[in-house]
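> So that we are looking at the same thing, I have put the structure below in structure tokens.
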Amino acid sequence: MHKRDVIKAGVMVDKAPDLALILAFDVRVSPDAAALAKASGVTIFTADIIYHLFDQFSRHMELSRERARKAPPTPPSY
């Protein structure tokens, strides 16, 4: 995985930060890509076993849903 992959995923940081993710299955993440992801707010999940990657992603999404439920509702903008 390279910096260009992180740049593509970085589009989601402003729109939906919980979805600014990269699921890297059985690939090497370059040090440049890891540093850029950390600086830009992109989360990278890596695993050599697909089930472990799925578990990481599932935990992330569940925590995201819990935070959304606990957050105060935003007033409508007219």
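A note on labels: chains of the structure tokens are A, B, ... as shown, every chain counts residues from 1, and ligands are counted from 1 in their shown order.
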What are the DSSP alpha helix (DSSP H) residues of chain A, as an NGL selection string?
:A and (3-9 or 12-15 or 31-40 or 50-70)
> Find the nearest atom pair between each residue of region 8-27 of chain A and region 41-59 of chain A for residues within 7 Å, count only C-alpha atoms, give distances in Å to one decimal, sort rows by chain and ascending number, and present the table as JSON lines.

{"residue": "A:Ala9", "atom": "CA", "partner": "A:Val42", "partner_atom": "CA", "distance": 6.8}
{"residue": "A:Gly10", "atom": "CA", "partner": "A:Val42", "partner_atom": "CA", "distance": 6.0}
{"residue": "A:Val13", "atom": "CA", "partner": "A:Gly41", "partner_atom": "CA", "distance": 6.5}
{"residue": "A:Ala20", "atom": "CA", "partner": "A:Val42", "partner_atom": "CA", "distance": 5.1}
{"residue": "A:Leu21", "atom": "CA", "partner": "A:Thr43", "partner_atom": "CA", "distance": 4.8}
{"residue": "A:Ile22", "atom": "CA", "partner": "A:Ile44", "partner_atom": "CA", "distance": 4.8}
{"residue": "A:Leu23", "atom": "CA", "partner": "A:Phe45", "partner_atom": "CA", "distance": 5.0}
{"residue": "A:Ala24", "atom": "CA", "partner": "A:Thr46", "partner_atom": "CA", "distance": 4.7}
{"residue": "A:Phe25", "atom": "CA", "partner": "A:Ala47", "partner_atom": "CA", "distance": 5.4}
{"residue": "A:Asp26", "atom": "CA", "partner": "A:Asp48", "partner_atom": "CA", "distance": 4.5}
> Could you please write out, as JSON, numbers by chain, every residue of region 15-72 of chain A that DSSP assigns to strand (DSSP E or B)?
{"A": [21, 22, 23, 24, 25, 43, 44, 45, 46, 47]}
> Take the residues from that selection and put them in a file with N, CA and C atoms, as a tab-separated table (two decimals), in the first residue's frame.

chain	number	residue	atom	x	y	z
A	21	LEU	N	-11.14	4.90	6.10
A	21	LEU	CA	-10.48	3.65	6.47
A	21	LEU	C	-9.82	3.01	5.27
A	22	ILE	N	-8.80	2.22	5.56
A	22	ILE	CA	-8.21	1.34	4.57
A	22	ILE	C	-8.12	-0.03	5.21
A	23	LEU	N	-8.66	-1.03	4.54
A	23	LEU	CA	-8.55	-2.41	5.00
A	23	LEU	C	-7.46	-3.06	4.15
A	24	ALA	N	-6.33	-3.34	4.75
A	24	ALA	CA	-5.17	-3.86	4.02
A	24	ALA	C	-5.00	-5.34	4.35
A	25	PHE	N	-5.45	-6.18	3.46
A	25	PHE	CA	-5.37	-7.63	3.66
A	25	PHE	C	-4.13	-8.18	2.97
A	43	THR	N	-7.49	5.81	9.04
A	43	THR	CA	-7.21	4.63	9.83
A	43	THR	C	-6.87	3.48	8.89
A	44	ILE	N	-5.80	2.77	9.21
A	44	ILE	CA	-5.40	1.60	8.41
A	44	ILE	C	-5.52	0.37	9.29
A	45	PHE	N	-6.30	-0.59	8.83
A	45	PHE	CA	-6.38	-1.89	9.49
A	45	PHE	C	-5.62	-2.88	8.62
A	46	THR	N	-4.72	-3.63	9.23
A	46	THR	CA	-3.94	-4.62	8.49
A	46	THR	C	-4.09	-5.98	9.16
A	47	ALA	N	-4.06	-7.03	8.33
A	47	ALA	CA	-4.09	-8.39	8.84
A	47	ALA	C	-3.70	-9.34	7.72
> So what do you get for CA of Ser40 (chain A) versus CA of Met12 (chain A), distance-wise?
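Going from CA of Ser40 (chain A) over to CA of Met12 (chain A), I get 10.4 Å.
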